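Have a look at query-v4.cif; it's mmCIF, C-alpha atoms and all ligand atoms:
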data_model
#
loop_
_atom_site.label_atom_id
_atom_site.label_comp_id
_atom_site.auth_asym_id
_atom_site.auth_seq_id
_atom_site.Cartn_x
_atom_site.Cartn_y
_atom_site.Cartn_z
CA MET A 1 15.38 -14.02 42.59
CA SER A 2 16.01 -16.06 45.68
CA SER A 3 18.56 -18.82 46.11
CA SER A 4 17.75 -22.28 44.91
CA LEU A 5 16.91 -24.92 47.50
CA HIS A 6 19.42 -27.17 45.77
CA GLY A 7 22.45 -24.91 45.93
CA PRO A 8 23.60 -21.70 44.36
CA LYS A 9 22.70 -20.88 40.78
CA VAL A 10 25.77 -19.97 38.78
CA LEU A 11 25.68 -18.32 35.38
CA LEU A 12 28.90 -19.23 33.54
CA CYS A 13 29.70 -16.67 30.83
CA VAL A 14 32.22 -18.16 28.42
CA ASN A 15 34.36 -15.92 26.20
CA GLY A 16 36.35 -16.76 23.08
CA GLY A 17 39.79 -17.95 24.13
CA ILE A 18 41.83 -21.14 24.21
CA ALA A 19 41.21 -21.44 27.96
CA ALA A 20 37.48 -21.98 27.28
CA TYR A 21 38.11 -25.73 27.46
CA LYS A 22 39.10 -25.31 31.12
CA ALA A 23 35.71 -23.74 31.84
CA ILE A 24 34.28 -27.23 31.30
CA GLU A 25 36.28 -28.46 34.28
CA VAL A 26 35.18 -25.45 36.37
CA LEU A 27 31.56 -26.22 35.49
CA ARG A 28 32.00 -29.85 36.59
CA LEU A 29 33.57 -28.79 39.89
CA LEU A 30 30.70 -26.40 40.57
CA GLN A 31 28.13 -29.05 39.75
CA THR A 32 29.89 -31.51 42.06
CA ALA A 33 29.74 -28.87 44.81
CA GLY A 34 25.95 -28.72 44.36
CA CYS A 35 25.62 -25.66 42.13
CA GLU A 36 23.10 -25.40 39.35
CA VAL A 37 25.02 -24.02 36.38
CA ARG A 38 23.77 -22.44 33.15
CA VAL A 39 25.99 -21.32 30.32
CA ALA A 40 25.92 -18.16 28.23
CA SER A 41 28.63 -17.97 25.60
CA THR A 42 29.86 -15.37 23.15
CA GLU A 43 29.77 -16.44 19.50
CA ASP A 44 33.57 -16.62 19.63
CA GLY A 45 33.36 -18.74 22.77
CA LEU A 46 31.32 -21.31 20.83
CA ARG A 47 34.18 -21.64 18.33
CA PHE A 48 36.33 -23.00 21.16
CA VAL A 49 33.73 -25.10 22.99
CA GLY A 50 30.56 -25.89 21.07
CA ALA A 51 26.96 -25.66 22.27
CA ALA A 52 26.65 -29.47 22.26
CA THR A 53 29.24 -29.75 25.03
CA TRP A 54 27.57 -27.15 27.27
CA GLU A 55 24.11 -28.53 26.62
CA GLY A 56 25.25 -32.07 27.27
CA LEU A 57 26.72 -31.05 30.62
CA THR A 58 23.98 -28.70 31.84
CA HIS A 59 20.95 -30.29 30.15
CA ARG A 60 19.89 -26.75 29.26
CA ASP A 61 20.11 -24.67 26.09
CA VAL A 62 23.22 -22.55 25.95
CA ALA A 63 22.37 -18.85 25.43
CA SER A 64 24.49 -17.06 22.84
CA SER A 65 22.21 -14.56 21.12
CA LEU A 66 19.86 -11.83 22.28
CA TYR A 67 17.29 -13.13 19.81
CA GLY A 68 15.53 -16.38 19.11
CA TRP A 69 16.29 -18.17 22.40
CA ALA A 70 13.66 -20.78 23.11
CA GLU A 71 13.51 -20.16 26.87
CA SER A 72 12.89 -16.42 26.98
CA ALA A 73 12.29 -13.49 24.68
CA ILE A 74 14.60 -11.38 26.87
CA PRO A 75 17.41 -13.78 27.76
CA HIS A 76 19.77 -11.17 29.25
CA ILE A 77 17.22 -10.17 31.92
CA MET A 78 16.11 -13.71 32.62
CA LEU A 79 19.68 -14.98 33.04
CA SER A 80 21.00 -12.02 35.04
CA GLU A 81 18.11 -12.26 37.50
CA TRP A 82 18.27 -16.04 37.71
CA ALA A 83 21.88 -16.17 38.87
CA ASP A 84 23.04 -16.09 42.50
CA VAL A 85 26.61 -15.72 41.22
CA VAL A 86 27.94 -14.84 37.77
CA LEU A 87 31.29 -16.26 36.61
CA VAL A 88 33.08 -14.93 33.52
CA CYS A 89 35.54 -17.67 32.49
CA PRO A 90 37.70 -17.26 30.59
CA ALA A 91 37.37 -13.48 30.54
CA THR A 92 38.96 -11.90 27.47
CA ALA A 93 40.44 -8.38 27.37
CA ASN A 94 37.51 -7.45 25.16
CA THR A 95 34.82 -8.55 27.62
CA MET A 96 36.66 -6.93 30.54
CA ALA A 97 36.76 -3.67 28.56
CA LYS A 98 33.06 -3.90 27.78
CA MET A 99 32.27 -4.57 31.45
CA ALA A 100 34.39 -1.61 32.53
CA VAL A 101 32.59 0.91 30.34
CA GLY A 102 29.17 -0.72 30.11
CA ILE A 103 29.11 -1.76 26.45
CA ALA A 104 26.25 -4.15 25.74
CA ASP A 105 26.52 -5.40 22.17
CA ASP A 106 25.95 -9.14 22.44
CA LEU A 107 24.20 -11.58 24.76
CA VAL A 108 27.08 -11.96 27.24
CA SER A 109 27.95 -8.26 27.60
CA THR A 110 24.27 -7.26 27.80
CA THR A 111 23.64 -9.90 30.46
CA LEU A 112 26.66 -8.72 32.46
CA LEU A 113 25.37 -5.14 32.36
CA ALA A 114 21.95 -6.32 33.60
CA VAL A 115 23.30 -8.21 36.65
CA PRO A 116 21.76 -6.67 39.83
CA ARG A 117 24.27 -4.79 41.97
CA THR A 118 23.89 -7.22 44.85
CA THR A 119 24.76 -10.29 42.77
CA PRO A 120 28.45 -11.22 43.08
CA VAL A 121 30.43 -11.39 39.85
CA VAL A 122 33.65 -13.39 39.58
CA VAL A 123 35.99 -12.76 36.64
CA ALA A 124 38.77 -15.19 35.65
CA PRO A 125 40.86 -13.56 32.92
CA ALA A 126 43.07 -15.42 30.43
CA MET A 127 44.94 -13.88 27.53
CA ASN A 128 48.30 -13.18 25.91
CA VAL A 129 50.84 -11.58 28.26
CA ASN A 130 51.05 -8.32 26.29
CA MET A 131 47.28 -8.02 26.14
CA TRP A 132 47.13 -8.65 29.90
CA GLN A 133 49.80 -6.08 30.71
CA ALA A 134 48.44 -3.50 28.24
CA VAL A 135 47.59 -0.19 29.88
CA PRO A 136 43.87 -0.31 28.93
CA THR A 137 43.48 -3.87 30.28
CA GLN A 138 45.14 -2.94 33.58
CA ALA A 139 42.97 0.19 33.83
CA ASN A 140 39.85 -1.91 33.18
CA LEU A 141 40.98 -4.44 35.78
CA LYS A 142 41.29 -1.64 38.34
CA THR A 143 37.82 -0.35 37.45
CA LEU A 144 36.25 -3.79 37.84
CA ARG A 145 37.99 -4.32 41.18
CA GLU A 146 36.87 -0.94 42.46
CA ARG A 147 33.34 -1.91 41.55
CA GLY A 148 33.59 -4.88 43.89
CA ILE A 149 34.00 -7.54 41.22
CA SER A 150 36.11 -10.44 42.40
CA ILE A 151 39.06 -11.20 40.10
CA VAL A 152 40.74 -14.61 40.06
CA MET A 153 44.11 -13.41 38.86
CA PRO A 154 45.79 -15.19 35.93
CA VAL A 155 49.13 -16.82 36.62
CA GLU A 156 52.48 -17.03 34.84
CA GLY A 157 53.04 -19.90 32.47
CA ARG A 158 53.31 -21.01 28.88
CA LEU A 159 50.56 -19.35 26.87
CA ALA A 160 48.82 -20.57 23.72
CA CYS A 161 50.93 -18.19 21.63
CA ASP A 162 54.03 -19.96 23.01
CA ALA A 163 55.05 -16.87 24.99
CA VAL A 164 55.84 -17.45 28.65
CA GLY A 165 54.39 -14.88 31.03
CA GLU A 166 51.35 -13.70 32.94
CA GLY A 167 47.97 -14.38 31.40
CA LYS A 168 47.36 -18.09 31.96
CA LEU A 169 43.97 -18.90 33.47
CA ALA A 170 44.14 -19.52 37.24
CA SER A 171 43.66 -23.10 38.39
CA VAL A 172 40.16 -24.50 37.97
CA ASP A 173 40.06 -25.28 41.71
CA GLN A 174 40.84 -21.67 42.57
CA ILE A 175 38.13 -20.39 40.24
CA ALA A 176 35.52 -22.81 41.57
CA ARG A 177 36.49 -21.85 45.16
CA ALA A 178 36.07 -18.13 44.37
CA VAL A 179 32.58 -18.81 43.01
CA LEU A 180 31.61 -20.90 46.05
CA ASP A 181 32.96 -18.22 48.43
CA ALA A 182 30.95 -15.58 46.57
CA ALA A 183 27.85 -17.78 46.82
CA ASP A 184 28.47 -18.30 50.55
CA SER A 185 28.78 -14.60 51.23
CA ARG A 186 25.55 -14.02 49.36
CA THR A 187 23.52 -16.65 51.15
CA SER A 188 24.81 -16.07 54.68
CA SER A 189 22.88 -13.67 56.92
CA LYS A 190 21.12 -11.11 54.75
CA SER A 191 19.75 -8.97 57.55
CA MET A 192 20.33 -5.75 55.60
CA ALA A 193 18.85 -6.91 52.28
CA SER A 194 16.88 -4.11 50.60
CA LEU A 195 18.68 -1.46 52.71
CA LYS A 196 20.99 1.15 51.26
CA VAL A 197 24.08 2.02 53.30
CA VAL A 198 26.50 4.90 52.66
CA VAL A 199 29.96 4.70 54.23
CA THR A 200 32.73 7.31 54.19
CA ALA A 201 36.31 6.11 54.59
CA GLY A 202 39.92 7.19 54.44
CA PRO A 203 41.55 10.60 54.60
CA THR A 204 40.96 13.65 52.45
CA HIS A 205 43.72 15.59 50.70
CA GLU A 206 43.43 19.37 50.74
CA ALA A 207 45.52 20.99 48.03
CA ILE A 208 48.04 23.72 48.86
CA ASP A 209 49.26 23.71 45.27
CA PRO A 210 49.19 21.02 42.55
CA VAL A 211 51.89 18.94 44.31
CA ARG A 212 51.38 19.64 48.02
CA TYR A 213 48.44 18.88 50.25
CA ILE A 214 47.28 18.63 53.87
CA ALA A 215 46.27 15.09 54.86
CA ASN A 216 46.13 12.69 57.82
CA ALA A 217 47.10 9.09 58.55
CA SER A 218 43.76 7.36 57.94
CA SER A 219 44.28 4.15 55.95
CA GLY A 220 40.60 3.60 55.19
CA LYS A 221 40.63 0.15 56.90
CA MET A 222 37.81 0.95 59.35
CA GLY A 223 35.44 2.33 56.71
CA TYR A 224 36.23 -0.44 54.23
CA ALA A 225 35.53 -3.08 56.91
CA ILE A 226 32.12 -1.48 57.55
CA ALA A 227 31.32 -1.36 53.84
CA ALA A 228 32.35 -5.03 53.42
CA GLU A 229 30.24 -6.17 56.37
CA ALA A 230 27.18 -4.21 55.20
CA ALA A 231 27.52 -5.78 51.73
CA ARG A 232 27.88 -9.23 53.31
CA ARG A 233 24.57 -8.57 55.11
CA GLY A 234 22.94 -7.89 51.76
CA ALA A 235 22.86 -4.08 51.80
CA CYS A 236 23.38 -2.03 48.70
CA VAL A 237 26.52 -0.15 49.72
CA THR A 238 28.06 3.05 48.44
CA LEU A 239 31.57 3.57 49.79
CA VAL A 240 32.74 7.16 49.43
CA SER A 241 36.48 6.81 49.74
CA GLY A 242 39.29 9.27 50.11
CA PRO A 243 42.70 8.25 48.70
CA THR A 244 43.68 4.80 50.08
CA ALA A 245 45.76 1.82 48.97
CA LEU A 246 42.95 -0.66 49.63
CA ASP A 247 41.07 -2.87 47.18
CA SER A 248 37.32 -2.38 47.01
CA PRO A 249 35.33 -4.80 49.14
CA GLU A 250 33.29 -7.28 47.14
CA GLY A 251 29.85 -6.14 46.07
CA VAL A 252 30.36 -2.51 47.05
CA GLU A 253 29.99 0.52 44.81
CA ARG A 254 33.01 2.71 45.46
CA VAL A 255 33.09 6.43 44.70
CA ASP A 256 36.62 7.81 44.83
CA VAL A 257 37.10 11.37 46.02
CA VAL A 258 40.12 13.42 47.02
CA SER A 259 39.08 16.52 48.94
CA ALA A 260 36.63 17.19 51.76
CA ALA A 261 34.46 19.19 49.35
CA GLN A 262 34.28 16.23 46.94
CA MET A 263 33.49 13.83 49.79
CA HIS A 264 30.76 16.19 50.96
CA GLU A 265 29.14 16.29 47.53
CA ALA A 266 29.38 12.53 46.85
CA THR A 267 28.09 11.56 50.31
CA LEU A 268 25.09 13.88 50.20
CA ARG A 269 24.21 12.58 46.75
CA ALA A 270 24.30 8.97 47.93
CA PHE A 271 22.43 9.78 51.16
CA ASP A 272 19.18 10.86 49.43
CA ASP A 273 17.83 7.32 49.10
CA ALA A 274 19.91 5.74 51.90
CA ASP A 275 18.70 4.08 55.10
CA VAL A 276 21.98 4.14 57.02
CA ALA A 277 25.05 6.39 56.81
CA ILE A 278 28.28 5.66 58.66
CA CYS A 279 31.02 8.30 58.60
CA ALA A 280 34.36 6.65 59.33
CA ALA A 281 36.41 9.02 57.18
CA ALA A 282 38.95 11.34 58.73
CA VAL A 283 37.75 14.41 56.87
CA ALA A 284 40.00 17.47 57.01
CA ASP A 285 38.43 20.15 59.18
CA TYR A 286 40.34 22.86 57.36
CA THR A 287 41.38 23.44 53.76
CA PRO A 288 43.69 26.06 52.21
CA ALA A 289 41.66 29.16 51.38
CA HIS A 290 43.62 29.93 48.22
CA PRO A 291 45.26 26.82 46.71
CA ALA A 292 47.86 27.89 44.15
CA ASP A 293 47.30 26.84 40.54
CA HIS A 294 51.05 26.23 40.07
CA LYS A 295 53.80 24.63 42.14
CA LEU A 296 54.91 27.27 44.64
CA LYS A 297 58.62 28.03 44.25
CA LYS A 298 60.69 27.74 47.41
CA ALA A 299 63.02 30.48 46.24
CA HIS A 300 60.51 33.30 46.01
CA GLU A 301 57.05 32.04 47.13
CA HIS A 302 57.51 31.21 50.79
CA LEU A 303 54.93 29.04 52.52
CA ASP A 304 55.30 30.78 55.87
CA VAL A 305 51.59 31.02 56.39
CA ILE A 306 48.77 29.03 54.81
CA GLU A 307 45.40 30.67 55.26
CA LEU A 308 42.84 28.00 56.09
CA VAL A 309 39.06 27.91 55.97
CA GLU A 310 36.76 25.39 57.64
CA THR A 311 35.36 22.57 55.50
CA ALA A 312 31.67 21.69 55.54
CA ASP A 313 30.83 19.08 58.19
CA ILE A 314 29.39 16.13 56.26
CA LEU A 315 28.17 14.20 59.29
CA ALA A 316 26.38 17.23 60.72
CA GLU A 317 24.68 17.81 57.36
CA LEU A 318 23.51 14.17 57.27
CA GLY A 319 22.18 14.63 60.81
CA ARG A 320 20.14 17.61 59.63
CA ARG A 321 18.81 15.75 56.57
CA LYS A 322 18.09 12.34 58.10
CA SER A 323 14.35 12.83 58.58
CA ARG A 324 13.79 14.52 55.23
CA ASP A 325 10.89 13.27 53.07
CA GLY A 326 9.41 11.52 56.12
CA ARG A 327 12.02 8.74 55.75
CA THR A 328 13.70 6.97 58.64
CA ARG A 329 17.47 7.05 58.39
CA VAL A 330 20.13 6.12 60.92
CA VAL A 331 23.27 8.26 61.01
CA VAL A 332 26.43 6.98 62.69
CA GLY A 333 29.60 8.98 63.29
CA PHE A 334 33.02 8.39 64.77
CA ALA A 335 34.78 10.60 67.25
CA ALA A 336 38.56 10.31 67.04
CA GLU A 337 39.68 11.46 70.48
CA THR A 338 42.89 11.74 72.44
CA ASP A 339 41.22 12.74 75.75
CA ASP A 340 37.80 12.86 77.43
CA LEU A 341 36.69 10.12 75.05
CA VAL A 342 33.11 9.62 76.15
CA ALA A 343 32.32 13.26 77.02
CA ASN A 344 33.59 14.44 73.62
CA ALA A 345 31.65 11.70 71.84
CA GLN A 346 28.47 12.61 73.72
CA ALA A 347 28.91 16.23 72.67
CA LYS A 348 29.38 15.16 69.02
CA LEU A 349 26.29 12.94 69.22
CA VAL A 350 24.16 15.97 70.05
CA ARG A 351 25.99 18.61 67.99
CA LYS A 352 26.01 16.53 64.79
CA GLY A 353 22.51 15.04 65.22
CA CYS A 354 23.74 11.42 65.10
CA ASP A 355 21.97 8.32 66.36
CA LEU A 356 25.22 6.65 67.38
CA VAL A 357 28.84 7.70 67.80
CA ALA A 358 31.80 5.31 67.95
CA ALA A 359 34.18 7.05 70.35
CA ASN A 360 37.57 6.06 69.01
CA ASP A 361 40.61 6.13 71.28
CA VAL A 362 43.39 7.19 68.91
CA THR A 363 46.13 7.36 71.55
CA ARG A 364 46.70 3.57 71.69
CA GLU A 365 48.94 1.63 69.32
CA ASP A 366 46.29 -1.02 68.77
CA SER A 367 43.61 1.51 67.90
CA GLY A 368 42.77 4.31 65.49
CA PHE A 369 44.72 5.33 62.41
CA GLY A 370 46.28 2.59 60.28
CA SER A 371 46.04 -0.29 62.80
CA ALA A 372 44.31 -3.60 62.11
CA THR A 373 42.42 -3.38 65.42
CA ASN A 374 40.34 -0.66 67.02
CA ARG A 375 39.14 0.32 70.46
CA VAL A 376 35.76 2.04 70.49
CA THR A 377 33.00 2.89 72.91
CA LEU A 378 29.51 3.05 71.44
CA VAL A 379 27.66 6.16 72.59
CA SER A 380 23.98 6.71 71.88
CA GLU A 381 20.95 8.24 73.56
CA SER A 382 20.30 4.94 75.26
CA GLY A 383 23.71 4.70 76.88
CA ILE A 384 27.36 3.81 76.64
CA ARG A 385 28.88 0.47 75.67
CA GLU A 386 32.62 0.04 75.95
CA LEU A 387 34.00 -2.61 73.59
CA PRO A 388 37.34 -4.37 74.06
CA THR A 389 40.12 -4.09 71.47
CA LEU A 390 38.73 -5.87 68.40
CA THR A 391 39.68 -6.27 64.76
CA LYS A 392 38.20 -3.55 62.58
CA GLU A 393 36.00 -6.25 60.99
CA GLU A 394 34.60 -7.11 64.44
CA VAL A 395 34.02 -3.44 65.24
CA ALA A 396 32.19 -3.14 61.92
CA ALA A 397 29.89 -6.01 62.89
CA TYR A 398 29.08 -4.42 66.28
CA LEU A 399 28.36 -1.07 64.65
CA LEU A 400 26.06 -2.58 62.05
CA ASP A 401 24.23 -4.67 64.67
CA GLU A 402 23.58 -1.43 66.55
CA ALA A 403 22.60 0.49 63.40
CA GLU A 404 20.14 -2.28 62.49
CA ARG A 405 18.68 -2.18 66.01
CA LEU A 406 18.26 1.60 65.82
CA LEU A 407 16.63 1.32 62.40
CA ARG A 408 14.13 -1.26 63.66
CA ARG A 409 13.34 0.91 66.70
CA SER A 410 12.67 4.13 64.81
O1 LIG B 501 41.10 4.68 58.35
P1 LIG B 501 41.76 3.91 59.47
O2 LIG B 501 43.26 3.93 59.37
O3 LIG B 501 41.20 2.52 59.63
O4 LIG B 501 41.45 4.68 60.83
C1 LIG B 501 40.14 4.72 61.33
C2 LIG B 501 39.78 6.09 61.90
C3 LIG B 501 40.62 6.37 63.13
C4 LIG B 501 40.01 7.19 60.85
C5 LIG B 501 38.24 6.00 62.24
O5 LIG B 501 38.02 4.95 63.12
C6 LIG B 501 37.75 7.30 62.85
O6 LIG B 501 37.82 7.53 64.03
N1 LIG B 501 37.18 8.15 61.97
C7 LIG B 501 36.79 9.53 62.32
C8 LIG B 501 37.97 10.42 62.27
C9 LIG B 501 37.59 11.86 62.52
O7 LIG B 501 37.75 12.69 61.66
O8 LIG B 501 37.04 12.11 63.68
P2 LIG B 501 36.48 13.56 64.17
O9 LIG B 501 36.24 13.41 65.61
O10 LIG B 501 37.41 14.65 63.69
O11 LIG B 501 35.13 13.73 63.37
C10 LIG B 501 33.88 13.31 63.92
C11 LIG B 501 32.97 12.76 62.86
O12 LIG B 501 32.63 13.79 61.94
C12 LIG B 501 33.56 11.63 62.05
O13 LIG B 501 32.54 10.68 61.84
C13 LIG B 501 33.96 12.30 60.73
O14 LIG B 501 33.87 11.38 59.63
C14 LIG B 501 32.91 13.40 60.62
N2 LIG B 501 33.34 14.59 59.88
C15 LIG B 501 34.33 15.40 60.34
C16 LIG B 501 34.68 16.54 59.66
C17 LIG B 501 33.97 16.86 58.47
N3 LIG B 501 34.28 17.94 57.77
N4 LIG B 501 33.00 16.06 58.04
C18 LIG B 501 32.67 14.94 58.72
O15 LIG B 501 31.76 14.20 58.31
#
Reformat the file's structure so that it appears as structure tokens.
Amino acid sequence: MSSSLHGPKVLLCVNGGIAAYKAIEVLRLLQTAGCEVRVASTEDGLRFVGAATWEGLTHRDVASSLYGWAESAIPHIMLSEWADVVLVCPATANTMAKMAVGIADDLVSTTLLAVPRTTPVVVAPAMNVNMWQAVPTQANLKTLRERGISIVMPVEGRLACDAVGEGKLASVDQIARAVLDAADSRTSSKSMASLKVVVTAGPTHEAIDPVRYIANASSGKMGYAIAAEAARRGACVTLVSGPTALDSPEGVERVDVVSAAQMHEATLRAFDDADVAICAAAVADYTPAHPADHKLKKAHEHLDVIELVETADILAELGRRKSRDGRTRVVVGFAAETDDLVANAQAKLVRKGCDLVAANDVTREDSGFGSATNRVTLVSESGIRELPTLTKEEVAAYLLDEAERLLRRS
């Protein structure tokens, strides 16, 4: 559903925890900022703040059960489609776990599972320090982050159980700000709404044995910036990522892979129903032909020679498949070059069947692997456009402008 004329529509999902009373203050801040807020609460949440409070503040029925709600026979679908932004506050360890694995066993968890992929979700956890630091909770937190969910991290302080430690709900101002930022990013230019974009990013690791691999210095920054910008423009984004230390951009579906073969498989799968593919990953061109199944011993298993075989070229395969099923798809590649930048990029444009190649000068300190900035020249059939040194976010915006133009033209 589209945005309200009167400001963003926020669905506040309240869980059962002492911090539920602070969600009242968050709701008031959001209303003051012009948001229309509705409340869905777990049954436990209603033990901490009753329906009368929520209804008094929102002038709407609070939804707490999948059945018997006056406003709709299918409340989870109605609410999840109504919202421009969903806020889970306070988020308990239980609800985070349900979100991570997709359990839908009450109104709140079922609604959260039904939220469309393009709707931003903000989670503000609050719980006992041991529950927060527990291995499953931290694993679930990582999963939610990788899925593009924005987490307003809890802070250290005195908790309800009298323990002092991490787990206290973040400040109400910070939570309200995160929701407003999420709403802003959703309502700003949505030029790629209804488009599906696949982005590859980061390096690949090619195993020599279980503890050694061949890799390169890609940090993933360039690909992640593209994925973030495409999501900001409203696209449904799949980010196929090699091993990186980066957090997932908001609103992006991230598929983690390790090797070139895994990246190949995941990218082709995502490309089937895609409109745009952008290959920013530094995929290994070669992989060990016979990776050992045990750690090779220095004493008697010398690594004098590693036999290598070529990996499959993902970008070239996308180039071959881009007109399949009569669909129009735009395929964009990078060319990481140390010499003959434009000539090499032009050759790659033709050889790999791309619509656009970003010729990337990787000899400069302010460009290429690991840096915050990049220096690229855009090469396509229609010509060459040299860009100055820009942040990777700015390069991402140029690339997507060009991809959108090519898509409109074809
Ligand atoms: O990750 P960062 O630290 O931000 O660094 C960004 C970057 C330098 C990695 C990025 O801007 C970049 O240039 N990516 C391409 C790196 C590369 O592998 O270039 P290439 O010229 O070897 O490959 C050409 C194109 O084919 C690339 O789009 C690459 O993704 C693709 N390719 C290559 C080999 C292969 N097996 N499959 C591929 O899809």
Box centre and edge lengths (Å, one decimal), axis-aligned, ligand LIG 501 (chain B) plus 3 Å each side, as JSON:
{"center_x": 37.5, "center_y": 10.2, "center_z": 61.7, "size_x": 17.5, "size_y": 21.4, "size_z": 13.8}
Point to revise | Near-ligand residues for ligand LIG 501 (chain B), threshold 7 Å, all atoms listed in the file, as a ChimeraX atom specification | key: /A:200-202,217-223,260,279-285,311-316,333-337,360,362,368-371
Exercise for review: Give me the residues within 8 Å of Leu387 (chain A) as JSON, numbers by chain, counting only C-alpha atoms and dropping any in the same chain fewer than 4 places off.
Suggested key: {"A": [375, 376, 377, 378]}
Write the selection just made, keeping C-alpha atoms, as a JSON list (two decimals), in the coordinates of the input?
[["chain", "number", "residue", "atom", "x", "y", "z"],
["A", 375, "ARG", "CA", 39.14, 0.32, 70.46],
["A", 376, "VAL", "CA", 35.76, 2.04, 70.49],
["A", 377, "THR", "CA", 33.00, 2.89, 72.91],
["A", 378, "LEU", "CA", 29.51, 3.05, 71.44]]
Go through region 83-137 of chain A residue by residue and, counting all atoms listed in the file, keep those with an atom at most 10 Å from region 159-171 of chain A; for each kept residue give the shortest atom pair and its distance in Å to one decimal, ordered by chain and increasing number, as CSV.
residue,atom,partner,partner_atom,distance
A:Cys89,CA,A:Leu169,CA,8.6
A:Pro90,CA,A:Leu169,CA,7.1
A:Ala91,CA,A:Leu169,CA,9.0
A:Ala124,CA,A:Leu169,CA,6.7
A:Pro125,CA,A:Leu169,CA,6.2
A:Ala126,CA,A:Leu169,CA,4.7
A:Met127,CA,A:Gly167,CA,4.9
A:Asn128,CA,A:Gly167,CA,5.6
A:Val129,CA,A:Gly167,CA,5.1
A:Asn130,CA,A:Gly167,CA,8.5
A:Met131,CA,A:Gly167,CA,8.3
A:Trp132,CA,A:Gly167,CA,6.0
A:Gln133,CA,A:Glu166,CA,8.1
**Study point:** Long-range neighbours of Ile24 (chain A) as a ChimeraX atom specification, 9 Å cut-off, only C-alpha atoms, 5 positions minimum in chain
**Key:** /A:29,49,53-54,57
